[in-house]
Amino acid sequence: MALLKIARLGHPAIRAGAGNVTLDELARSGTQDLIDSMIETMRDADGVGIAAPQVHVDKRIIVIEVQSENRRYPGREAVPLTIVINPEISDLSESLETGWEGCLSIPDLRGLVPRHTTLKVRGLDRKGRPFEQHASGFFARVIQHEVDHLNGNVYLDRMPDLKSLFFLPEFMRYSQ
Ligand code: NI
């Protein structure tokens with residue numbers, strides 16, 4: 001396990017997209033170490049999710065965890081540690097909800113992004129077993145954000161109005 005360097009917007013890794021992980025690859029110690037390091041890196045940075053391209057790896061792996069005392073997103077509903085390999089989103093709600101997002105690859109900014117309120121995500125867990133989960137609210141938002149990273153997209157691409165983009169101190173002071 002090690003803390004990994006997080007790629008920021010502008011590094012080609014953020015826009016390159018990622019490919020599926022095979023079961024053989026997933027079983028390798030290198031991949032399992034990567035997953036552990038992604039968890040450690042996310043927690044160290046007070047993130048609520050991280051995708052492999054953010055640590056310069058072009059594989060479809062996402063890690064999500066929302067702790068209720070998270071400093072960057074206080075007051076959100078907690079989500080236990082969730083690791084999804086090759087995630088596929090389906091059953092997206094027609095309804096959208098607009099909410100604030102930030103990104104470890106776009107430090108110190110917040111912006112308003114519309115996201116589907118409920119969805120289903122399917123894939124594999126870290127042991128290669130089928131994984132399926134229904135999600136709503138902030139959990140559904142984070143899943144959409146992280147899967148976007150696997151396709152080379154960031155939340156700024158989803159913002160209908162860049163006027164809601166705030167630096168964090170200004171966000172704390174003026175946005176709510
Ligand atoms: Ni992000």
# chains A, B, ... in the order shown; residues from 1 in each chain; ligands from 1
call {"tool": "residues_around", "arguments": {"residues": "segment 31-36 of chain A", "least_positions_apart": "3", "cutoff": "12 Å", "atoms": "only C-alpha atoms", "output": "PyMOL selection string"}}
result
chain A and resi 1-4+21-28+39-43+50-53+55-64+81-85+125-128
call {"tool": "select_by_dssp", "arguments": {"residues": "chain A", "states": "helix (DSSP H, G or I)", "output": "mmCIF file with C-alpha atoms, in the first residue's frame"}}
result
data_model
loop_
_atom_site.group_PDB
_atom_site.id
_atom_site.type_symbol
_atom_site.label_atom_id
_atom_site.label_comp_id
_atom_site.auth_asym_id
_atom_site.auth_seq_id
_atom_site.Cartn_x
_atom_site.Cartn_y
_atom_site.Cartn_z
ATOM 1 C CA PRO A 12 -3.669 13.204 -20.242
ATOM 2 C CA ALA A 13 -4.673 10.371 -17.850
ATOM 3 C CA ILE A 14 -7.771 12.347 -16.846
ATOM 4 C CA ARG A 15 -9.087 12.435 -20.403
ATOM 5 C CA LEU A 23 -10.437 -11.670 -13.955
ATOM 6 C CA ASP A 24 -6.790 -12.692 -14.286
ATOM 7 C CA GLU A 25 -5.645 -9.105 -13.888
ATOM 8 C CA LEU A 26 -7.930 -8.595 -10.919
ATOM 9 C CA ALA A 27 -6.465 -11.611 -9.117
ATOM 10 C CA SER A 29 -1.271 -8.878 -6.378
ATOM 11 C CA GLY A 30 -0.399 -5.724 -8.294
ATOM 12 C CA THR A 31 -4.073 -5.004 -8.934
ATOM 13 C CA GLN A 32 -5.063 -5.797 -5.353
ATOM 14 C CA ASP A 33 -2.269 -3.510 -4.118
ATOM 15 C CA LEU A 34 -3.549 -0.807 -6.467
ATOM 16 C CA ILE A 35 -7.038 -1.087 -4.961
ATOM 17 C CA ASP A 36 -5.636 -0.822 -1.428
ATOM 18 C CA SER A 37 -3.579 2.184 -2.454
ATOM 19 C CA MET A 38 -6.591 3.852 -4.081
ATOM 20 C CA ILE A 39 -8.508 3.458 -0.801
ATOM 21 C CA GLU A 40 -5.611 4.905 1.181
ATOM 22 C CA THR A 41 -5.153 7.779 -1.277
ATOM 23 C CA MET A 42 -8.875 8.630 -1.259
ATOM 24 C CA ARG A 43 -9.004 8.678 2.538
ATOM 25 C CA ASP A 44 -5.804 10.689 2.847
ATOM 26 C CA ALA A 52 -8.121 4.513 -11.329
ATOM 27 C CA PRO A 53 -7.416 7.087 -14.087
ATOM 28 C CA GLN A 54 -7.017 9.660 -11.301
ATOM 29 C CA VAL A 55 -3.977 7.705 -10.144
ATOM 30 C CA GLY A 137 -29.008 10.426 -3.504
ATOM 31 C CA PHE A 138 -25.384 11.321 -2.884
ATOM 32 C CA PHE A 139 -24.238 7.713 -3.418
ATOM 33 C CA ALA A 140 -25.807 7.729 -6.896
ATOM 34 C CA ARG A 141 -24.131 11.076 -7.573
ATOM 35 C CA VAL A 142 -20.696 9.801 -6.599
ATOM 36 C CA ILE A 143 -21.120 6.673 -8.742
ATOM 37 C CA GLN A 144 -21.979 8.796 -11.785
ATOM 38 C CA HIS A 145 -19.007 11.077 -11.056
ATOM 39 C CA GLU A 146 -16.542 8.189 -10.744
ATOM 40 C CA VAL A 147 -17.815 6.292 -13.790
ATOM 41 C CA ASP A 148 -17.463 9.533 -15.747
ATOM 42 C CA HIS A 149 -13.741 9.454 -14.888
ATOM 43 C CA LEU A 150 -13.469 6.005 -16.511
ATOM 44 C CA TYR A 155 -17.913 17.120 -13.601
ATOM 45 C CA LEU A 156 -17.112 20.405 -15.298
ATOM 46 C CA ASP A 157 -18.286 18.777 -18.553
ATOM 47 C CA ARG A 158 -21.683 18.193 -16.915
ATOM 48 C CA LEU A 162 -20.242 27.628 -15.114
ATOM 49 C CA LYS A 163 -21.485 30.571 -13.050
ATOM 50 C CA SER A 164 -21.976 28.107 -10.181
ATOM 51 C CA LEU A 168 -13.783 26.463 -1.756
ATOM 52 C CA PRO A 169 -13.315 29.441 0.572
ATOM 53 C CA GLU A 170 -15.761 31.487 -1.510
ATOM 54 C CA PHE A 171 -18.109 28.489 -1.618
ATOM 55 C CA MET A 172 -18.079 28.313 2.194
ATOM 56 C CA ARG A 173 -18.690 32.041 2.449
ATOM 57 C CA TYR A 174 -21.166 32.808 -0.312
#
call {"tool": "residues_around", "arguments": {"residues": "segment 65-78 of chain A", "least_positions_apart": "5", "cutoff": "7 Å", "atoms": "only C-alpha atoms", "output": "short mmCIF file (atom, residue, chain, number, x, y, z; two decimals) with C-alpha atoms, in the first residue's frame"}}
result
data_model
loop_
_atom_site.label_atom_id
_atom_site.label_comp_id
_atom_site.auth_asym_id
_atom_site.auth_seq_id
_atom_site.Cartn_x
_atom_site.Cartn_y
_atom_site.Cartn_z
CA ASP A 46 -10.62 13.41 2.27
CA VAL A 48 -15.52 10.36 -1.19
CA GLY A 49 -14.50 8.46 -4.30
CA PHE A 138 -25.38 11.32 -2.88
#
call {"tool": "residues_near_ligand", "arguments": {"ligand": "ligand 1", "cutoff": "6 Å", "atoms": "only C-alpha atoms and all ligand atoms", "output": "list in words"}}
result
Cys103, Leu104 and Ser105 of chain A
call {"tool": "write_last_selection", "arguments": {"atoms": "N, CA and C atoms", "output": "CSV table (one decimal), in the first residue's frame"}}
result
chain,number,residue,atom,x,y,z
A,103,CYS,N,-13.8,17.6,-7.0
A,103,CYS,CA,-13.0,16.5,-7.6
A,103,CYS,C,-11.6,16.6,-7.1
A,104,LEU,N,-11.0,15.5,-6.7
A,104,LEU,CA,-9.6,15.5,-6.3
A,104,LEU,C,-8.7,15.9,-7.4
A,105,SER,N,-9.1,15.7,-8.7
A,105,SER,CA,-8.3,16.1,-9.8
A,105,SER,C,-8.5,17.5,-10.2
call {"tool": "closest_residue", "arguments": {"among": "A:Asp108, A:Asn86, A:Asn20, A:Ser93", "to": "Arg8 of chain A", "atoms": "only C-alpha atoms"}}
result
A:Asp108
call {"tool": "atom_distance", "arguments": {"atom1": "atom CA of Asp91 of chain A", "atom2": "atom CA of Leu119 of chain A"}}
result
5.1 Å
call {"tool": "select_by_dssp", "arguments": {"residues": "chain A", "states": "strand (DSSP E or B)", "output": "PDB file with N, CA and C atoms, in the first residue's frame"}}
result
ATOM      1  N   LEU A   9      -6.471  17.781 -13.570  1.00  0.00           N
ATOM      2  CA  LEU A   9      -7.010  18.153 -14.878  1.00  0.00           C
ATOM      3  C   LEU A   9      -5.903  18.763 -15.738  1.00  0.00           C
ATOM      4  N   HIS A  11      -3.551  16.659 -17.041  1.00  0.00           N
ATOM      5  CA  HIS A  11      -2.768  15.436 -17.285  1.00  0.00           C
ATOM      6  C   HIS A  11      -3.579  14.539 -18.226  1.00  0.00           C
ATOM      7  N   GLY A  19      -9.897   0.931 -19.649  1.00  0.00           N
ATOM      8  CA  GLY A  19     -10.379  -0.334 -20.194  1.00  0.00           C
ATOM      9  C   GLY A  19     -10.765  -1.308 -19.096  1.00  0.00           C
ATOM     10  N   GLY A  49     -14.614   9.430  -3.229  1.00  0.00           N
ATOM     11  CA  GLY A  49     -14.503   8.463  -4.303  1.00  0.00           C
ATOM     12  C   GLY A  49     -13.245   8.724  -5.094  1.00  0.00           C
ATOM     13  N   ILE A  50     -12.770   7.692  -5.782  1.00  0.00           N
ATOM     14  CA  ILE A  50     -11.610   7.869  -6.652  1.00  0.00           C
ATOM     15  C   ILE A  50     -11.690   6.815  -7.747  1.00  0.00           C
ATOM     16  N   ALA A  51     -11.243   7.178  -8.920  1.00  0.00           N
ATOM     17  CA  ALA A  51     -11.246   6.268 -10.064  1.00  0.00           C
ATOM     18  C   ALA A  51      -9.807   6.058 -10.512  1.00  0.00           C
ATOM     19  N   LYS A  59      -7.527   1.678 -15.997  1.00  0.00           N
ATOM     20  CA  LYS A  59      -8.364   0.510 -15.728  1.00  0.00           C
ATOM     21  C   LYS A  59      -9.685   0.948 -15.109  1.00  0.00           C
ATOM     22  N   ILE A  61     -11.731   0.786 -12.538  1.00  0.00           N
ATOM     23  CA  ILE A  61     -11.839   0.507 -11.107  1.00  0.00           C
ATOM     24  C   ILE A  61     -12.265   1.793 -10.411  1.00  0.00           C
ATOM     25  N   ILE A  62     -13.327   1.690  -9.594  1.00  0.00           N
ATOM     26  CA  ILE A  62     -13.722   2.841  -8.781  1.00  0.00           C
ATOM     27  C   ILE A  62     -13.839   2.415  -7.328  1.00  0.00           C
ATOM     28  N   VAL A  63     -13.539   3.356  -6.448  1.00  0.00           N
ATOM     29  CA  VAL A  63     -13.635   3.156  -5.010  1.00  0.00           C
ATOM     30  C   VAL A  63     -14.440   4.326  -4.452  1.00  0.00           C
ATOM     31  N   ILE A  64     -15.407   4.010  -3.608  1.00  0.00           N
ATOM     32  CA  ILE A  64     -16.271   5.043  -3.024  1.00  0.00           C
ATOM     33  C   ILE A  64     -16.387   4.778  -1.530  1.00  0.00           C
ATOM     34  N   GLU A  65     -16.338   5.844  -0.752  1.00  0.00           N
ATOM     35  CA  GLU A  65     -16.628   5.743   0.678  1.00  0.00           C
ATOM     36  C   GLU A  65     -16.994   7.141   1.167  1.00  0.00           C
ATOM     37  N   VAL A  66     -18.150   7.235   1.787  1.00  0.00           N
ATOM     38  CA  VAL A  66     -18.552   8.519   2.362  1.00  0.00           C
ATOM     39  C   VAL A  66     -18.665   8.324   3.865  1.00  0.00           C
ATOM     40  N   VAL A  79     -21.765   6.311   3.140  1.00  0.00           N
ATOM     41  CA  VAL A  79     -21.744   5.166   2.230  1.00  0.00           C
ATOM     42  C   VAL A  79     -20.566   4.293   2.649  1.00  0.00           C
ATOM     43  N   PRO A  80     -20.802   3.001   2.924  1.00  0.00           N
ATOM     44  CA  PRO A  80     -19.674   2.145   3.294  1.00  0.00           C
ATOM     45  C   PRO A  80     -18.704   1.975   2.121  1.00  0.00           C
ATOM     46  N   LEU A  81     -17.500   1.557   2.446  1.00  0.00           N
ATOM     47  CA  LEU A  81     -16.481   1.355   1.416  1.00  0.00           C
ATOM     48  C   LEU A  81     -17.026   0.435   0.315  1.00  0.00           C
ATOM     49  N   THR A  82     -17.012   0.936  -0.905  1.00  0.00           N
ATOM     50  CA  THR A  82     -17.572   0.211  -2.050  1.00  0.00           C
ATOM     51  C   THR A  82     -16.544   0.223  -3.168  1.00  0.00           C
ATOM     52  N   ILE A  83     -16.197  -0.967  -3.647  1.00  0.00           N
ATOM     53  CA  ILE A  83     -15.215  -1.103  -4.723  1.00  0.00           C
ATOM     54  C   ILE A  83     -15.918  -1.777  -5.888  1.00  0.00           C
ATOM     55  N   VAL A  84     -15.898  -1.147  -7.039  1.00  0.00           N
ATOM     56  CA  VAL A  84     -16.541  -1.760  -8.197  1.00  0.00           C
ATOM     57  C   VAL A  84     -15.547  -1.819  -9.353  1.00  0.00           C
ATOM     58  N   ILE A  85     -15.395  -3.027  -9.890  1.00  0.00           N
ATOM     59  CA  ILE A  85     -14.543  -3.256 -11.042  1.00  0.00           C
ATOM     60  C   ILE A  85     -15.450  -3.337 -12.270  1.00  0.00           C
ATOM     61  N   ASN A  86     -15.060  -2.707 -13.349  1.00  0.00           N
ATOM     62  CA  ASN A  86     -15.837  -2.692 -14.597  1.00  0.00           C
ATOM     63  C   ASN A  86     -17.295  -2.273 -14.366  1.00  0.00           C
ATOM     64  N   PRO A  87     -17.523  -1.155 -13.682  1.00  0.00           N
ATOM     65  CA  PRO A  87     -18.896  -0.767 -13.363  1.00  0.00           C
ATOM     66  C   PRO A  87     -19.698  -0.399 -14.605  1.00  0.00           C
ATOM     67  N   GLU A  88     -20.950  -0.831 -14.579  1.00  0.00           N
ATOM     68  CA  GLU A  88     -21.897  -0.441 -15.635  1.00  0.00           C
ATOM     69  C   GLU A  88     -23.145   0.091 -14.959  1.00  0.00           C
ATOM     70  N   ILE A  89     -23.542   1.266 -15.388  1.00  0.00           N
ATOM     71  CA  ILE A  89     -24.715   1.917 -14.796  1.00  0.00           C
ATOM     72  C   ILE A  89     -25.931   1.614 -15.654  1.00  0.00           C
ATOM     73  N   SER A  90     -27.052   1.288 -15.003  1.00  0.00           N
ATOM     74  CA  SER A  90     -28.318   1.110 -15.717  1.00  0.00           C
ATOM     75  C   SER A  90     -29.449   1.624 -14.842  1.00  0.00           C
ATOM     76  N   LEU A  96     -33.797  14.230 -12.268  1.00  0.00           N
ATOM     77  CA  LEU A  96     -32.449  14.720 -12.006  1.00  0.00           C
ATOM     78  C   LEU A  96     -32.484  15.596 -10.765  1.00  0.00           C
ATOM     79  N   GLU A  97     -31.357  15.626 -10.082  1.00  0.00           N
ATOM     80  CA  GLU A  97     -31.221  16.528  -8.944  1.00  0.00           C
ATOM     81  C   GLU A  97     -29.903  17.269  -9.111  1.00  0.00           C
ATOM     82  N   THR A  98     -29.941  18.562  -8.860  1.00  0.00           N
ATOM     83  CA  THR A  98     -28.729  19.360  -8.972  1.00  0.00           C
ATOM     84  C   THR A  98     -28.054  19.442  -7.608  1.00  0.00           C
ATOM     85  N   GLY A  99     -26.762  19.171  -7.575  1.00  0.00           N
ATOM     86  CA  GLY A  99     -26.038  19.213  -6.300  1.00  0.00           C
ATOM     87  C   GLY A  99     -24.583  19.599  -6.512  1.00  0.00           C
ATOM     88  N   TRP A 100     -23.927  19.938  -5.406  1.00  0.00           N
ATOM     89  CA  TRP A 100     -22.530  20.402  -5.467  1.00  0.00           C
ATOM     90  C   TRP A 100     -21.578  19.223  -5.609  1.00  0.00           C
ATOM     91  N   GLU A 101     -20.587  19.400  -6.471  1.00  0.00           N
ATOM     92  CA  GLU A 101     -19.522  18.408  -6.615  1.00  0.00           C
ATOM     93  C   GLU A 101     -18.161  19.088  -6.627  1.00  0.00           C
ATOM     94  N   GLY A 102     -17.200  18.321  -6.199  1.00  0.00           N
ATOM     95  CA  GLY A 102     -15.806  18.694  -6.345  1.00  0.00           C
ATOM     96  C   GLY A 102     -15.085  17.478  -6.879  1.00  0.00           C
ATOM     97  N   CYS A 103     -13.771  17.583  -7.004  1.00  0.00           N
ATOM     98  CA  CYS A 103     -13.017  16.466  -7.582  1.00  0.00           C
ATOM     99  C   CYS A 103     -11.576  16.584  -7.146  1.00  0.00           C
ATOM    100  N   ILE A 106      -9.436  18.201  -9.583  1.00  0.00           N
ATOM    101  CA  ILE A 106      -9.714  19.616  -9.868  1.00  0.00           C
ATOM    102  C   ILE A 106      -9.786  20.305  -8.508  1.00  0.00           C
ATOM    103  N   PRO A 107      -8.631  20.469  -7.852  1.00  0.00           N
ATOM    104  CA  PRO A 107      -8.635  20.830  -6.439  1.00  0.00           C
ATOM    105  C   PRO A 107      -9.296  22.183  -6.172  1.00  0.00           C
ATOM    106  N   ASP A 108      -9.924  22.262  -5.015  1.00  0.00           N
ATOM    107  CA  ASP A 108     -10.360  23.530  -4.429  1.00  0.00           C
ATOM    108  C   ASP A 108     -11.503  24.200  -5.172  1.00  0.00           C
ATOM    109  N   LEU A 109     -12.244  23.465  -5.978  1.00  0.00           N
ATOM    110  CA  LEU A 109     -13.405  24.028  -6.674  1.00  0.00           C
ATOM    111  C   LEU A 109     -14.655  23.231  -6.330  1.00  0.00           C
ATOM    112  N   ARG A 110     -15.786  23.911  -6.440  1.00  0.00           N
ATOM    113  CA  ARG A 110     -17.095  23.265  -6.307  1.00  0.00           C
ATOM    114  C   ARG A 110     -17.998  23.803  -7.408  1.00  0.00           C
ATOM    115  N   GLY A 111     -18.861  22.921  -7.912  1.00  0.00           N
ATOM    116  CA  GLY A 111     -19.803  23.381  -8.926  1.00  0.00           C
ATOM    117  C   GLY A 111     -21.090  22.591  -8.852  1.00  0.00           C
ATOM    118  N   LEU A 112     -22.150  23.176  -9.383  1.00  0.00           N
ATOM    119  CA  LEU A 112     -23.461  22.523  -9.375  1.00  0.00           C
ATOM    120  C   LEU A 112     -23.622  21.646 -10.603  1.00  0.00           C
ATOM    121  N   VAL A 113     -23.978  20.380 -10.354  1.00  0.00           N
ATOM    122  CA  VAL A 113     -24.079  19.389 -11.424  1.00  0.00           C
ATOM    123  C   VAL A 113     -25.408  18.644 -11.301  1.00  0.00           C
ATOM    124  N   PRO A 114     -26.186  18.565 -12.391  1.00  0.00           N
ATOM    125  CA  PRO A 114     -27.388  17.720 -12.346  1.00  0.00           C
ATOM    126  C   PRO A 114     -27.003  16.259 -12.540  1.00  0.00           C
ATOM    127  N   ARG A 115     -27.590  15.398 -11.719  1.00  0.00           N
ATOM    128  CA  ARG A 115     -27.338  13.950 -11.823  1.00  0.00           C
ATOM    129  C   ARG A 115     -28.654  13.203 -11.658  1.00  0.00           C
ATOM    130  N   HIS A 116     -28.708  12.007 -12.219  1.00  0.00           N
ATOM    131  CA  HIS A 116     -29.855  11.127 -11.994  1.00  0.00           C
ATOM    132  C   HIS A 116     -29.934  10.778 -10.503  1.00  0.00           C
ATOM    133  N   THR A 118     -31.520   8.156  -8.974  1.00  0.00           N
ATOM    134  CA  THR A 118     -31.362   6.740  -8.622  1.00  0.00           C
ATOM    135  C   THR A 118     -30.787   5.987  -9.817  1.00  0.00           C
ATOM    136  N   LEU A 119     -30.153   4.876  -9.542  1.00  0.00           N
ATOM    137  CA  LEU A 119     -29.552   4.059 -10.597  1.00  0.00           C
ATOM    138  C   LEU A 119     -29.235   2.679 -10.046  1.00  0.00           C
ATOM    139  N   LYS A 120     -28.833   1.824 -10.954  1.00  0.00           N
ATOM    140  CA  LYS A 120     -28.284   0.522 -10.579  1.00  0.00           C
ATOM    141  C   LYS A 120     -26.863   0.454 -11.132  1.00  0.00           C
ATOM    142  N   VAL A 121     -25.938  -0.048 -10.333  1.00  0.00           N
ATOM    143  CA  VAL A 121     -24.576  -0.260 -10.828  1.00  0.00           C
ATOM    144  C   VAL A 121     -24.244  -1.736 -10.690  1.00  0.00           C
ATOM    145  N   ARG A 122     -23.696  -2.272 -11.763  1.00  0.00           N
ATOM    146  CA  ARG A 122     -23.287  -3.675 -11.777  1.00  0.00           C
ATOM    147  C   ARG A 122     -21.833  -3.759 -12.192  1.00  0.00           C
ATOM    148  N   GLY A 123     -21.183  -4.796 -11.721  1.00  0.00           N
ATOM    149  CA  GLY A 123     -19.780  -5.006 -12.076  1.00  0.00           C
ATOM    150  C   GLY A 123     -19.264  -6.190 -11.292  1.00  0.00           C
ATOM    151  N   LEU A 124     -18.022  -6.088 -10.857  1.00  0.00           N
ATOM    152  CA  LEU A 124     -17.398  -7.129 -10.044  1.00  0.00           C
ATOM    153  C   LEU A 124     -16.903  -6.502  -8.756  1.00  0.00           C
ATOM    154  N   PRO A 130     -19.684 -11.255  -8.905  1.00  0.00           N
ATOM    155  CA  PRO A 130     -20.645 -10.274  -9.435  1.00  0.00           C
ATOM    156  C   PRO A 130     -21.083  -9.306  -8.339  1.00  0.00           C
ATOM    157  N   PHE A 131     -21.171  -8.065  -8.714  1.00  0.00           N
ATOM    158  CA  PHE A 131     -21.571  -7.012  -7.786  1.00  0.00           C
ATOM    159  C   PHE A 131     -22.744  -6.274  -8.388  1.00  0.00           C
ATOM    160  N   GLU A 132     -23.762  -6.026  -7.574  1.00  0.00           N
ATOM    161  CA  GLU A 132     -24.904  -5.243  -8.044  1.00  0.00           C
ATOM    162  C   GLU A 132     -25.439  -4.430  -6.883  1.00  0.00           C
ATOM    163  N   GLN A 133     -25.735  -3.177  -7.149  1.00  0.00           N
ATOM    164  CA  GLN A 133     -26.195  -2.309  -6.064  1.00  0.00           C
ATOM    165  C   GLN A 133     -27.119  -1.239  -6.625  1.00  0.00           C
ATOM    166  N   HIS A 134     -28.238  -1.032  -5.951  1.00  0.00           N
ATOM    167  CA  HIS A 134     -29.073   0.134  -6.251  1.00  0.00           C
ATOM    168  C   HIS A 134     -28.554   1.299  -5.417  1.00  0.00           C
ATOM    169  N   ALA A 135     -28.583   2.479  -5.981  1.00  0.00           N
ATOM    170  CA  ALA A 135     -28.082   3.637  -5.246  1.00  0.00           C
ATOM    171  C   ALA A 135     -28.993   4.822  -5.504  1.00  0.00           C
ATOM    172  N   SER A 136     -29.037   5.695  -4.520  1.00  0.00           N
ATOM    173  CA  SER A 136     -29.816   6.921  -4.663  1.00  0.00           C
ATOM    174  C   SER A 136     -29.061   8.047  -3.980  1.00  0.00           C
ATOM    175  N   PHE A 166     -17.244  27.656  -7.913  1.00  0.00           N
ATOM    176  CA  PHE A 166     -16.734  28.419  -6.767  1.00  0.00           C
ATOM    177  C   PHE A 166     -15.392  27.844  -6.338  1.00  0.00           C
ATOM    178  N   PHE A 167     -14.476  28.704  -5.905  1.00  0.00           N
ATOM    179  CA  PHE A 167     -13.368  28.229  -5.105  1.00  0.00           C
ATOM    180  C   PHE A 167     -13.913  27.903  -3.710  1.00  0.00           C
TER     181      PHE A 167
END
call {"tool": "atom_distance", "arguments": {"atom1": "atom CA of Ala16 of chain A", "atom2": "atom CA of Ser95 of chain A"}}
result
29.5 Å
call {"tool": "closest_residue", "arguments": {"among": "A:Thr117, A:Val154, A:Pro160, A:Ala45", "to": "Gly10 of chain A", "atoms": "only C-alpha atoms"}}
result
A:Val154
call {"tool": "decode", "arguments": {"residues": "segment 56-63 of chain A", "atoms": "all heavy atoms", "output": "tab-separated table (two decimals), in the first residue's frame"}}
result
chain	number	residue	atom	x	y	z
A	56	HIS	N	-3.45	7.60	-12.51
A	56	HIS	CA	-2.64	7.30	-13.69
A	56	HIS	C	-2.72	5.85	-14.15
A	56	HIS	O	-1.78	5.34	-14.75
A	56	HIS	CB	-1.17	7.68	-13.49
A	56	HIS	CG	-0.95	9.06	-12.93
A	56	HIS	ND1	-0.99	9.34	-11.59
A	56	HIS	CD2	-0.70	10.23	-13.55
A	56	HIS	CE1	-0.77	10.63	-11.40
A	56	HIS	NE2	-0.59	11.20	-12.58
A	57	VAL	N	-3.84	5.19	-13.83
A	57	VAL	CA	-4.02	3.80	-14.26
A	57	VAL	C	-5.27	3.71	-15.13
A	57	VAL	O	-6.36	4.07	-14.70
A	57	VAL	CB	-4.15	2.85	-13.04
A	57	VAL	CG1	-4.41	1.42	-13.51
A	57	VAL	CG2	-2.90	2.91	-12.18
A	58	ASP	N	-5.11	3.20	-16.36
A	58	ASP	CA	-6.24	3.23	-17.31
A	58	ASP	C	-7.08	1.96	-17.22
A	58	ASP	O	-7.30	1.27	-18.20
A	58	ASP	CB	-5.73	3.47	-18.74
A	58	ASP	CG	-4.78	2.38	-19.21
A	58	ASP	OD1	-4.33	1.55	-18.38
A	58	ASP	OD2	-4.47	2.36	-20.41
A	59	LYS	N	-7.53	1.68	-16.00
A	59	LYS	CA	-8.36	0.51	-15.73
A	59	LYS	C	-9.68	0.95	-15.11
A	59	LYS	O	-9.73	1.95	-14.39
A	59	LYS	CB	-7.64	-0.45	-14.78
A	59	LYS	CG	-6.41	-1.08	-15.39
A	59	LYS	CD	-6.77	-1.96	-16.56
A	59	LYS	CE	-5.53	-2.49	-17.29
A	59	LYS	NZ	-5.92	-3.20	-18.54
A	60	ARG	N	-10.73	0.15	-15.38
A	60	ARG	CA	-12.07	0.52	-14.90
A	60	ARG	C	-12.27	0.01	-13.47
A	60	ARG	O	-12.88	-1.03	-13.22
A	60	ARG	CB	-13.14	0.00	-15.87
A	60	ARG	CG	-12.98	0.60	-17.26
A	60	ARG	CD	-14.05	0.19	-18.22
A	60	ARG	NE	-15.29	0.93	-18.04
A	60	ARG	CZ	-15.53	2.13	-18.54
A	60	ARG	NH1	-14.61	2.78	-19.24
A	60	ARG	NH2	-16.69	2.70	-18.32
A	61	ILE	N	-11.73	0.79	-12.54
A	61	ILE	CA	-11.84	0.51	-11.11
A	61	ILE	C	-12.26	1.79	-10.41
A	61	ILE	O	-11.64	2.84	-10.62
A	61	ILE	CB	-10.49	0.05	-10.51
A	61	ILE	CG1	-9.97	-1.20	-11.22
A	61	ILE	CG2	-10.61	-0.18	-9.00
A	61	ILE	CD1	-8.54	-1.60	-10.82
A	62	ILE	N	-13.33	1.69	-9.59
A	62	ILE	CA	-13.72	2.84	-8.78
A	62	ILE	C	-13.84	2.41	-7.33
A	62	ILE	O	-14.19	1.27	-7.01
A	62	ILE	CB	-15.04	3.49	-9.25
A	62	ILE	CG1	-16.22	2.53	-9.14
A	62	ILE	CG2	-14.90	4.00	-10.68
A	62	ILE	CD1	-17.59	3.18	-9.40
A	63	VAL	N	-13.54	3.36	-6.45
A	63	VAL	CA	-13.64	3.16	-5.01
A	63	VAL	C	-14.44	4.33	-4.45
A	63	VAL	O	-14.19	5.48	-4.81
A	63	VAL	CB	-12.22	3.12	-4.37
A	63	VAL	CG1	-12.31	3.11	-2.86
A	63	VAL	CG2	-11.44	1.91	-4.87
